[in-house]
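Dropping protein.pdb in here (PDB, C-alpha atoms):
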MODEL        1
ATOM      1  CA  MET A   1       0.000   0.000   0.000
ATOM      2  CA  ALA A   2       1.336   3.427  -0.908
ATOM      3  CA  THR A   3       2.428   5.684   1.903
ATOM      4  CA  PRO A   4       1.979   9.472   1.839
ATOM      5  CA  GLN A   5       5.585   9.783   0.636
ATOM      6  CA  SER A   6       5.340   7.103  -2.055
ATOM      7  CA  ALA A   7       5.218   7.534  -5.814
ATOM      8  CA  ALA A   8       1.393   7.750  -5.689
ATOM      9  CA  ALA A   9       1.586  11.029  -3.745
ATOM     10  CA  SER A  10       4.448  12.447  -5.796
ATOM     11  CA  ALA A  11       4.280  15.852  -7.465
ATOM     12  CA  SER A  12       6.340  14.379 -10.335
ATOM     13  CA  PRO A  13       5.621  11.380 -12.580
ATOM     14  CA  MET A  14       7.595   8.140 -12.476
ATOM     15  CA  PRO A  15      10.739   8.175 -14.633
ATOM     16  CA  GLU A  16      10.570   6.620 -18.094
ATOM     17  CA  GLY A  17      11.519   3.004 -18.681
ATOM     18  CA  VAL A  18      10.344   1.531 -15.371
ATOM     19  CA  THR A  19       9.227  -2.081 -15.849
ATOM     20  CA  ASP A  20       9.596  -3.204 -12.236
ATOM     21  CA  LEU A  21       6.045  -3.014 -10.877
ATOM     22  CA  ASN A  22       7.340  -3.098  -7.287
ATOM     23  CA  TYR A  23       9.631  -0.099  -7.728
ATOM     24  CA  LYS A  24       9.065   2.688  -5.207
ATOM     25  CA  PRO A  25      11.438   5.655  -5.581
ATOM     26  CA  LEU A  26      13.112   6.968  -2.480
ATOM     27  CA  PRO A  27      12.188  10.513  -1.397
ATOM     28  CA  GLY A  28      13.750  13.244  -3.520
ATOM     29  CA  ARG A  29      13.811  11.124  -6.673
ATOM     30  CA  LEU A  30      11.710  11.302  -9.814
ATOM     31  CA  GLY A  31       8.387   9.736  -8.970
ATOM     32  CA  ASN A  32       8.643  10.759  -5.319
ATOM     33  CA  LEU A  33       9.015  14.538  -5.171
ATOM     34  CA  THR A  34       7.089  16.940  -3.013
ATOM     35  CA  ALA A  35       5.670  20.060  -4.652
ATOM     36  CA  VAL A  36       8.478  22.087  -3.047
ATOM     37  CA  GLN A  37      11.138  19.720  -4.378
ATOM     38  CA  LEU A  38       9.639  19.747  -7.868
ATOM     39  CA  HIS A  39       9.611  23.553  -7.843
ATOM     40  CA  ALA A  40      13.277  23.562  -6.773
ATOM     41  CA  LEU A  41      14.143  21.209  -9.664
ATOM     42  CA  GLN A  42      12.301  23.404 -12.171
ATOM     43  CA  GLU A  43      13.899  26.585 -10.831
ATOM     44  CA  PHE A  44      17.376  24.984 -10.792
ATOM     45  CA  LYS A  45      17.067  23.879 -14.418
ATOM     46  CA  LYS A  46      15.652  27.252 -15.504
ATOM     47  CA  GLU A  47      18.536  29.178 -13.926
ATOM     48  CA  LEU A  48      21.155  26.846 -15.448
ATOM     49  CA  ILE A  49      19.638  27.313 -18.918
ATOM     50  CA  GLU A  50      19.374  31.085 -18.556
ATOM     51  CA  GLU A  51      23.000  31.340 -17.392
ATOM     52  CA  GLY A  52      24.341  29.123 -20.181
ATOM     53  CA  ILE A  53      25.504  26.404 -17.786
ATOM     54  CA  PHE A  54      23.061  23.663 -18.748
ATOM     55  CA  VAL A  55      24.488  20.761 -20.800
ATOM     56  CA  GLU A  56      21.466  18.956 -22.218
ATOM     57  CA  GLU A  57      23.133  15.656 -23.098
ATOM     58  CA  ARG A  58      24.540  15.248 -19.588
ATOM     59  CA  MET A  59      22.322  17.162 -17.159
ATOM     60  CA  ASP A  60      19.137  15.139 -16.956
ATOM     61  CA  ASP A  61      16.677  15.580 -14.097
ATOM     62  CA  ALA A  62      18.207  12.686 -12.145
ATOM     63  CA  LEU A  63      21.614  14.419 -12.113
ATOM     64  CA  LEU A  64      20.121  17.775 -11.121
ATOM     65  CA  LEU A  65      18.242  16.070  -8.283
ATOM     66  CA  ARG A  66      21.467  14.502  -6.996
ATOM     67  CA  PHE A  67      23.016  17.957  -6.671
ATOM     68  CA  LEU A  68      19.835  19.271  -5.060
ATOM     69  CA  ARG A  69      19.702  16.405  -2.536
ATOM     70  CA  ALA A  70      23.359  16.976  -1.703
ATOM     71  CA  ARG A  71      22.454  20.553  -0.755
ATOM     72  CA  LYS A  72      19.076  19.850   0.928
ATOM     73  CA  PHE A  73      17.214  21.292  -2.103
ATOM     74  CA  ASP A  74      18.804  24.716  -1.644
ATOM     75  CA  VAL A  75      18.915  25.854  -5.285
ATOM     76  CA  ALA A  76      21.626  28.484  -4.771
ATOM     77  CA  LYS A  77      23.953  26.022  -3.014
ATOM     78  CA  ALA A  78      23.253  23.257  -5.535
ATOM     79  CA  LYS A  79      24.052  25.659  -8.395
ATOM     80  CA  GLU A  80      27.286  26.715  -6.717
ATOM     81  CA  MET A  81      28.250  23.050  -6.371
ATOM     82  CA  LEU A  82      27.413  22.254  -9.990
ATOM     83  CA  ILE A  83      29.267  25.301 -11.338
ATOM     84  CA  ALA A  84      32.373  24.264  -9.386
ATOM     85  CA  THR A  85      32.006  20.757 -10.814
ATOM     86  CA  GLU A  86      31.758  22.060 -14.374
ATOM     87  CA  LYS A  87      34.917  24.144 -13.859
ATOM     88  CA  TRP A  88      36.709  21.048 -12.521
ATOM     89  CA  ARG A  89      35.480  18.933 -15.462
ATOM     90  CA  LYS A  90      37.011  21.405 -17.922
ATOM     91  CA  GLU A  91      40.317  21.514 -16.024
ATOM     92  CA  MET A  92      40.475  17.697 -15.915
ATOM     93  CA  ASN A  93      39.184  17.178 -19.490
ATOM     94  CA  VAL A  94      36.590  14.854 -17.981
ATOM     95  CA  ASP A  95      34.258  14.904 -20.997
ATOM     96  CA  THR A  96      36.797  12.937 -23.046
ATOM     97  CA  ILE A  97      38.602  10.994 -20.323
ATOM     98  CA  ILE A  98      36.980   7.662 -21.239
ATOM     99  CA  GLU A  99      38.338   7.882 -24.785
ATOM    100  CA  ASP A 100      41.595   9.719 -24.121
ATOM    101  CA  PHE A 101      42.977   8.081 -20.981
ATOM    102  CA  GLU A 102      44.399   4.565 -21.257
ATOM    103  CA  PHE A 103      45.296   2.843 -17.987
ATOM    104  CA  THR A 104      47.677   0.270 -19.432
ATOM    105  CA  GLU A 105      49.085  -0.659 -16.011
ATOM    106  CA  ARG A 106      45.717  -1.853 -14.670
ATOM    107  CA  GLU A 107      46.728  -5.504 -14.186
ATOM    108  CA  GLN A 108      49.923  -4.554 -12.350
ATOM    109  CA  VAL A 109      48.179  -1.971 -10.180
ATOM    110  CA  ASN A 110      45.504  -4.450  -9.155
ATOM    111  CA  LYS A 111      48.170  -6.664  -7.643
ATOM    112  CA  TYR A 112      49.184  -3.913  -5.241
ATOM    113  CA  TYR A 113      45.894  -2.056  -4.724
ATOM    114  CA  PRO A 114      42.838  -3.999  -5.937
ATOM    115  CA  GLN A 115      39.922  -1.721  -6.921
ATOM    116  CA  TYR A 116      37.215  -2.965  -9.255
ATOM    117  CA  TYR A 117      33.521  -3.177 -10.163
ATOM    118  CA  HIS A 118      31.932  -6.616 -10.138
ATOM    119  CA  LYS A 119      28.299  -7.537 -10.913
ATOM    120  CA  MET A 120      25.263  -6.234  -8.974
ATOM    121  CA  ASP A 121      23.737  -6.349  -5.505
ATOM    122  CA  LYS A 122      20.110  -7.383  -4.894
ATOM    123  CA  ASP A 123      18.895  -3.827  -5.552
ATOM    124  CA  GLY A 124      20.645  -3.707  -8.922
ATOM    125  CA  ARG A 125      23.557  -1.518  -7.824
ATOM    126  CA  PRO A 126      27.013  -2.076  -9.334
ATOM    127  CA  ILE A 127      29.289  -3.552  -6.662
ATOM    128  CA  TYR A 128      32.569  -1.709  -6.137
ATOM    129  CA  ILE A 129      35.316  -3.526  -4.232
ATOM    130  CA  GLU A 130      38.440  -1.954  -2.793
ATOM    131  CA  ARG A 131      40.962  -4.037  -0.828
ATOM    132  CA  LEU A 132      43.104  -1.541   1.026
ATOM    133  CA  GLY A 133      44.804  -4.300   3.026
ATOM    134  CA  PHE A 134      46.600  -5.492  -0.116
ATOM    135  CA  LEU A 135      48.222  -2.112  -0.601
ATOM    136  CA  ASP A 136      51.930  -2.229  -1.405
ATOM    137  CA  LEU A 137      52.702   1.435  -1.871
ATOM    138  CA  ASP A 138      56.323   1.048  -2.989
ATOM    139  CA  ALA A 139      55.398  -1.457  -5.693
ATOM    140  CA  LEU A 140      52.299   0.549  -6.607
ATOM    141  CA  TYR A 141      54.217   3.730  -7.320
ATOM    142  CA  LYS A 142      56.758   1.833  -9.379
ATOM    143  CA  ALA A 143      53.875   0.723 -11.590
ATOM    144  CA  THR A 144      52.013   4.048 -11.733
ATOM    145  CA  THR A 145      51.716   7.530 -10.216
ATOM    146  CA  GLN A 146      49.167   9.194  -7.960
ATOM    147  CA  GLU A 147      48.125  11.454 -10.843
ATOM    148  CA  ARG A 148      47.364   8.435 -13.036
ATOM    149  CA  LEU A 149      45.485   6.749 -10.195
ATOM    150  CA  ILE A 150      43.279   9.834  -9.885
ATOM    151  CA  ASN A 151      42.715   9.910 -13.649
ATOM    152  CA  ARG A 152      41.707   6.267 -13.496
ATOM    153  CA  PHE A 153      39.400   7.000 -10.556
ATOM    154  CA  VAL A 154      37.649   9.768 -12.515
ATOM    155  CA  GLN A 155      37.473   7.622 -15.643
ATOM    156  CA  GLU A 156      35.817   4.828 -13.659
ATOM    157  CA  TYR A 157      33.243   7.289 -12.285
ATOM    158  CA  GLU A 158      32.479   8.388 -15.844
ATOM    159  CA  LYS A 159      32.115   4.764 -16.961
ATOM    160  CA  PHE A 160      29.885   4.201 -13.944
ATOM    161  CA  ALA A 161      27.579   7.000 -15.070
ATOM    162  CA  LYS A 162      27.704   6.317 -18.806
ATOM    163  CA  TYR A 163      27.691   2.519 -18.923
ATOM    164  CA  ARG A 164      27.304   0.744 -15.596
ATOM    165  CA  VAL A 165      24.218   2.290 -14.015
ATOM    166  CA  PRO A 166      22.261   2.482 -17.302
ATOM    167  CA  ALA A 167      22.948  -1.235 -17.914
ATOM    168  CA  CYS A 168      21.983  -2.104 -14.337
ATOM    169  CA  SER A 169      18.831   0.017 -14.606
ATOM    170  CA  LYS A 170      17.811  -1.862 -17.743
ATOM    171  CA  ALA A 171      18.576  -5.226 -16.140
ATOM    172  CA  VAL A 172      16.394  -4.627 -13.058
ATOM    173  CA  GLY A 173      13.679  -2.482 -14.640
ATOM    174  CA  HIS A 174      14.051   0.642 -12.519
ATOM    175  CA  PRO A 175      16.501   3.542 -12.154
ATOM    176  CA  VAL A 176      19.815   2.714 -10.488
ATOM    177  CA  GLU A 177      21.939   5.693  -9.467
ATOM    178  CA  THR A 178      24.207   4.419  -6.715
ATOM    179  CA  SER A 179      26.841   1.786  -5.990
ATOM    180  CA  CYS A 180      27.286  -0.861  -3.326
ATOM    181  CA  THR A 181      30.836  -0.474  -2.019
ATOM    182  CA  ILE A 182      32.884  -3.027  -0.096
ATOM    183  CA  LEU A 183      36.050  -1.646   1.507
ATOM    184  CA  ASP A 184      38.231  -4.444   2.871
ATOM    185  CA  LEU A 185      40.567  -3.322   5.671
ATOM    186  CA  HIS A 186      42.120  -6.754   6.287
ATOM    187  CA  ASN A 187      45.717  -6.279   7.501
ATOM    188  CA  VAL A 188      45.508  -2.486   7.209
ATOM    189  CA  SER A 189      47.806  -0.685   9.608
ATOM    190  CA  MET A 190      47.698   2.986  10.518
ATOM    191  CA  THR A 191      51.129   3.325   8.920
ATOM    192  CA  SER A 192      50.007   1.975   5.535
ATOM    193  CA  PHE A 193      46.823   4.043   5.671
ATOM    194  CA  TYR A 194      48.784   7.202   6.460
ATOM    195  CA  ARG A 195      51.112   6.616   3.508
ATOM    196  CA  VAL A 196      48.224   6.510   1.047
ATOM    197  CA  LYS A 197      46.019   9.100   2.774
ATOM    198  CA  ASP A 198      46.719  11.840   0.195
ATOM    199  CA  TYR A 199      45.310   9.710  -2.609
ATOM    200  CA  ILE A 200      42.351   8.541  -0.499
ATOM    201  CA  MET A 201      41.499  12.090   0.589
ATOM    202  CA  GLN A 202      41.729  13.420  -2.981
ATOM    203  CA  ALA A 203      39.615  10.559  -4.344
ATOM    204  CA  SER A 204      37.046  10.958  -1.548
ATOM    205  CA  SER A 205      36.791  14.678  -2.217
ATOM    206  CA  ILE A 206      36.158  14.055  -5.915
ATOM    207  CA  GLY A 207      33.487  11.486  -5.140
ATOM    208  CA  GLN A 208      31.713  13.726  -2.651
ATOM    209  CA  ASP A 209      31.984  17.064  -4.454
ATOM    210  CA  ARG A 210      31.854  16.096  -8.154
ATOM    211  CA  TYR A 211      29.665  12.987  -8.123
ATOM    212  CA  PRO A 212      27.226  13.600  -5.249
ATOM    213  CA  GLU A 213      24.618  11.106  -4.065
ATOM    214  CA  ARG A 214      26.283   8.095  -5.689
ATOM    215  CA  MET A 215      26.712   6.036  -2.509
ATOM    216  CA  GLY A 216      23.968   3.473  -1.958
ATOM    217  CA  LYS A 217      25.454   1.007   0.527
ATOM    218  CA  PHE A 218      28.944   1.084   2.035
ATOM    219  CA  TYR A 219      30.340  -1.966   3.817
ATOM    220  CA  ILE A 220      33.651  -1.640   5.630
ATOM    221  CA  ILE A 221      34.773  -5.179   6.403
ATOM    222  CA  ASN A 222      37.598  -6.559   8.534
ATOM    223  CA  ALA A 223      37.548  -3.239  10.350
ATOM    224  CA  PRO A 224      40.028  -3.131  13.251
ATOM    225  CA  TRP A 225      38.694  -2.343  16.707
ATOM    226  CA  ALA A 226      40.130   1.185  16.681
ATOM    227  CA  PHE A 227      38.306   2.002  13.447
ATOM    228  CA  SER A 228      35.018   0.732  14.847
ATOM    229  CA  ALA A 229      35.519   2.784  18.004
ATOM    230  CA  VAL A 230      36.101   5.966  16.007
ATOM    231  CA  TRP A 231      32.964   5.274  13.943
ATOM    232  CA  ARG A 232      30.863   4.854  17.082
ATOM    233  CA  ALA A 233      32.151   8.191  18.333
ATOM    234  CA  ILE A 234      31.428  10.201  15.177
ATOM    235  CA  LYS A 235      28.194   8.452  14.120
ATOM    236  CA  PRO A 236      25.895  10.580  16.329
ATOM    237  CA  TRP A 237      27.144  13.705  14.542
ATOM    238  CA  LEU A 238      26.410  12.434  11.043
ATOM    239  CA  ASP A 239      23.272  12.744   8.957
ATOM    240  CA  GLU A 240      20.847   9.852   9.532
ATOM    241  CA  VAL A 241      20.665   9.057   5.826
ATOM    242  CA  THR A 242      24.467   8.755   5.606
ATOM    243  CA  VAL A 243      24.638   6.568   8.705
ATOM    244  CA  SER A 244      21.965   4.246   7.317
ATOM    245  CA  LYS A 245      24.128   3.566   4.265
ATOM    246  CA  VAL A 246      27.241   2.508   6.203
ATOM    247  CA  ASP A 247      27.933  -0.808   7.929
ATOM    248  CA  ILE A 248      31.168  -1.256   9.890
ATOM    249  CA  LEU A 249      31.876  -4.970  10.140
ATOM    250  CA  GLY A 250      34.651  -7.054  11.646
ATOM    251  CA  SER A 251      35.801 -10.420  10.333
ATOM    252  CA  ASN A 252      32.311 -11.965  10.604
ATOM    253  CA  TYR A 253      30.928  -9.999   7.688
ATOM    254  CA  LYS A 254      29.803 -12.775   5.334
ATOM    255  CA  GLU A 255      26.210 -13.114   6.585
ATOM    256  CA  THR A 256      25.611  -9.359   6.337
ATOM    257  CA  LEU A 257      27.040  -9.099   2.824
ATOM    258  CA  LEU A 258      24.962 -12.042   1.601
ATOM    259  CA  LYS A 259      21.768 -10.336   2.758
ATOM    260  CA  GLN A 260      22.496  -7.594   0.207
ATOM    261  CA  ILE A 261      24.467  -9.502  -2.444
ATOM    262  CA  ALA A 262      23.616 -12.852  -4.039
ATOM    263  CA  ALA A 263      26.354 -15.441  -3.416
ATOM    264  CA  GLU A 264      26.922 -15.907  -7.160
ATOM    265  CA  ASN A 265      27.660 -12.193  -7.502
ATOM    266  CA  LEU A 266      30.095 -11.996  -4.579
ATOM    267  CA  PRO A 267      33.713 -13.101  -5.181
ATOM    268  CA  VAL A 268      34.853 -16.244  -3.365
ATOM    269  CA  ILE A 269      37.539 -14.244  -1.562
ATOM    270  CA  LEU A 270      34.763 -12.254   0.148
ATOM    271  CA  GLY A 271      32.570 -15.208   1.063
ATOM    272  CA  GLY A 272      30.575 -15.654  -2.142
ATOM    273  CA  THR A 273      30.709 -18.297  -4.844
ATOM    274  CA  CYS A 274      31.836 -16.250  -7.879
ATOM    275  CA  ASP A 275      35.207 -17.237  -9.307
ATOM    276  CA  CYS A 276      35.560 -15.469 -12.649
ATOM    277  CA  PRO A 277      38.086 -16.906 -15.132
ATOM    278  CA  GLY A 278      41.220 -14.819 -14.793
ATOM    279  CA  GLY A 279      40.009 -13.357 -11.500
ATOM    280  CA  CYS A 280      36.991 -11.308 -10.502
ATOM    281  CA  ASP A 281      39.200  -8.236 -10.090
ATOM    282  CA  LEU A 282      40.014  -8.147 -13.812
ATOM    283  CA  SER A 283      36.775  -9.523 -15.280
ATOM    284  CA  ASP A 284      34.655  -6.345 -15.143
ATOM    285  CA  ALA A 285      31.703  -8.747 -15.036
ATOM    286  CA  GLY A 286      28.265  -7.176 -14.985
ATOM    287  CA  PRO A 287      25.390  -6.250 -17.285
ATOM    288  CA  TRP A 288      27.486  -3.392 -18.677
ATOM    289  CA  ASN A 289      29.976  -5.888 -20.120
ATOM    290  CA  THR A 290      28.477  -8.261 -22.668
ATOM    291  CA  LYS A 291      31.810 -10.010 -23.119
ATOM    292  CA  ALA A 292      31.924 -11.134 -19.493
ATOM    293  CA  GLN A 293      29.624 -13.566 -17.730
ATOM    294  CA  ASN A 294      26.956 -11.259 -16.355
ATOM    295  CA  GLY A 295      25.590 -11.539 -12.845
ATOM    296  CA  VAL A 296      21.905 -10.955 -12.159
ATOM    297  CA  ALA A 297      20.802  -9.961  -8.669
ATOM    298  CA  ALA A 298      18.837 -12.626  -6.874
TER     299      ALA A 298
ENDMDL
END
Can the structure in the file be given as structure tokens, please?
Amino acid sequence: MATPQSAAASASPMPEGVTDLNYKPLPGRLGNLTAVQLHALQEFKKELIEEGIFVEERMDDALLLRFLRARKFDVAKAKEMLIATEKWRKEMNVDTIIEDFEFTEREQVNKYYPQYYHKMDKDGRPIYIERLGFLDLDALYKATTQERLINRFVQEYEKFAKYRVPACSKAVGHPVETSCTILDLHNVSMTSFYRVKDYIMQASSIGQDRYPERMGKFYIINAPWAFSAVWRAIKPWLDEVTVSKVDILGSNYKETLLKQIAAENLPVILGGTCDCPGGCDLSDAGPWNTKAQNGVAA
């Protein structure tokens, strides 16, 4: 039964292409906007067009709403954020980074700092896995540079937006905008974390400021006690929505992950049953990759 905040009470229609009859958009999304939120979206778009900032092929309503949600539907603040993002995109040549940047050292880098997308969770989100405990910084920076790692990070975000989430959306029959991230801290020491903190802070800043509202679920597994203690201390100060997306787990994480991710979509090394030929970390398996064995959320 529809609640007062469901799609039935929305001031905006459901997005096009929805075939999942059980789909209920979260608040602040197309199909679940209040009259105030819809007005903010219309005003935001109008101002961007009038000021020559609007890029039709890239700035659909879903993107504009992500910037608005990131700034609590304050149009002025959302516009400031988007303008800063557009300036950054020009400086980084982001519009052509998929075609122009070639990360030839990917296989080597993955040995020393595994980061990869792999199939979908049960809500249709692309799964992103990062294994910080495997970090070998000396070997990593013999294979690549921090600048190239950042370029790769941005390129992967662009592929996420252009290929991964559209393919996932089509596969599950409803809009998918966010990822399901697994950050593995097995064997991470404060020393190793400190040595790579500049890259992590720069990457985190890009994710938060240039690609807002892209985090769906975030699992931190094999978290040491100290990390969990810090999280407990800062959690009361964080936004409820952010807190609801994050799970800090120790070594007994398998049961929790399998509630969100089908076993056949989770790599064996993380407690699932998937064992892609050549390794899950290099397979890029998912509905966005027709050459790989695709995983469908259970």
Which of these residues is nearest to Arg106 in chain A, using all atoms listed in the file: A:Thr144, A:Ser169, A:Ser228, A:Asn93?
->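 The closest residue to Arg106 in chain A is A:Thr144.
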Option closest in space to Ala11 in chain A, from A:Leu135, A:Ala143, A:Leu41, A:Cys276 [counting all atoms listed in the file] = A:Leu41
Output the residue selection produced by the PyMOL selection byres ((chain A and resi 78) around 10) on the file above, formatted as JSON, numbers by chain.
-> {"A": [44, 64, 65, 66, 67, 68, 69, 70, 71, 72, 73, 74, 75, 76, 77, 79, 80, 81, 82, 83, 84]}
Within 12 Å of range 280-286 of chain A, counting all atoms listed in the file, which residues show up once you throw out same-chain ones fewer than 3 positions away? Write them as a ChimeraX atom specification, please.
-> /A:105-121,124-131,156,159-160,163-169,171,264-270,272-277,289-297
What is the CA of Val176 in chain A to CA of Asp123 in chain A distance in Å?
->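 Taking CA of Val176 in chain A and CA of Asp123 in chain A, their separation equals 8.2 Å.
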With only C-alpha atoms as the atoms that count, which of A:Val230, A:Met14, A:Val241, A:Ile206 lies nearest to Ile150 in chain A?
->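 Going through A:Val230, A:Met14, A:Val241, A:Ile206 one by one, the smallest distance to Ile150 in chain A is for A:Ile206.
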Leaving out range 209-221 of chain A and any residue of its chain fewer than 4 positions from it, which residues lie within 7 Å of it when counting only C-alpha atoms, given as a short mmCIF file (atom, residue, chain, number, x, y, z; two decimals) with C-alpha atoms, in the frame of the given file?
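Resulting contents of out35.cif:
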data_model
loop_
_atom_site.label_atom_id
_atom_site.label_comp_id
_atom_site.auth_asym_id
_atom_site.auth_seq_id
_atom_site.Cartn_x
_atom_site.Cartn_y
_atom_site.Cartn_z
CA ARG A 66 21.47 14.50 -7.00
CA PHE A 67 23.02 17.96 -6.67
CA ALA A 70 23.36 16.98 -1.70
CA THR A 85 32.01 20.76 -10.81
CA GLU A 177 21.94 5.69 -9.47
CA THR A 178 24.21 4.42 -6.72
CA SER A 179 26.84 1.79 -5.99
CA CYS A 180 27.29 -0.86 -3.33
CA THR A 181 30.84 -0.47 -2.02
CA ILE A 182 32.88 -3.03 -0.10
CA LEU A 183 36.05 -1.65 1.51
CA ASP A 184 38.23 -4.44 2.87
CA LEU A 185 40.57 -3.32 5.67
CA SER A 205 36.79 14.68 -2.22
CA LYS A 245 24.13 3.57 4.26
CA VAL A 246 27.24 2.51 6.20
CA ASP A 247 27.93 -0.81 7.93
CA ILE A 248 31.17 -1.26 9.89
CA LEU A 249 31.88 -4.97 10.14
CA GLY A 250 34.65 -7.05 11.65
CA SER A 251 35.80 -10.42 10.33
CA TYR A 253 30.93 -10.00 7.69
#
Expressed in Å to a single decimal, how great is the separation between CA of Leu132 in chain A and CA of Ala226 in chain A?
->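 Interatomic distance, CA of Leu132 in chain A to CA of Ala226 in chain A: 16.2 Å.
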Correct to one decimal, the distance CA of Phe193 in chain A-CA of Thr145 in chain A is 17.0 Å
Nearest-residue call for Val188 in chain A, choices A:Thr256, A:Gln202, A:Asn151, A:Asn222, using all atoms listed in the file =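 Looking only at the distances to Val188 in chain A, the closest residue turns out to be A:Asn222.
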Test item: residues at most 9 Å from Leu38 in chain A, all atoms listed in the file, excluding those fewer than 5 positions along its chain, as a PyMOL selection string | chain A and resi 11-12+28+30+33+43
Resolved residues for the PyMOL selection byres ((chain A and resi 173) around 9) as a list in words | Gly17, Val18, Thr19, Asp20, Leu21, Tyr23, Cys168, Ser169, Lys170, Ala171, Val172, His174 and Pro175 of chain A
Selected residues, C-alpha atoms, written as an mmCIF file, in the coordinates of the input, please.
data_model
loop_
_atom_site.group_PDB
_atom_site.id
_atom_site.type_symbol
_atom_site.label_atom_id
_atom_site.label_comp_id
_atom_site.auth_asym_id
_atom_site.auth_seq_id
_atom_site.Cartn_x
_atom_site.Cartn_y
_atom_site.Cartn_z
ATOM 1 C CA GLY A 17 11.519 3.004 -18.681
ATOM 2 C CA VAL A 18 10.344 1.531 -15.371
ATOM 3 C CA THR A 19 9.227 -2.081 -15.849
ATOM 4 C CA ASP A 20 9.596 -3.204 -12.236
ATOM 5 C CA LEU A 21 6.045 -3.014 -10.877
ATOM 6 C CA TYR A 23 9.631 -0.099 -7.728
ATOM 7 C CA CYS A 168 21.983 -2.104 -14.337
ATOM 8 C CA SER A 169 18.831 0.017 -14.606
ATOM 9 C CA LYS A 170 17.811 -1.862 -17.743
ATOM 10 C CA ALA A 171 18.576 -5.226 -16.140
ATOM 11 C CA VAL A 172 16.394 -4.627 -13.058
ATOM 12 C CA HIS A 174 14.051 0.642 -12.519
ATOM 13 C CA PRO A 175 16.501 3.542 -12.154
#
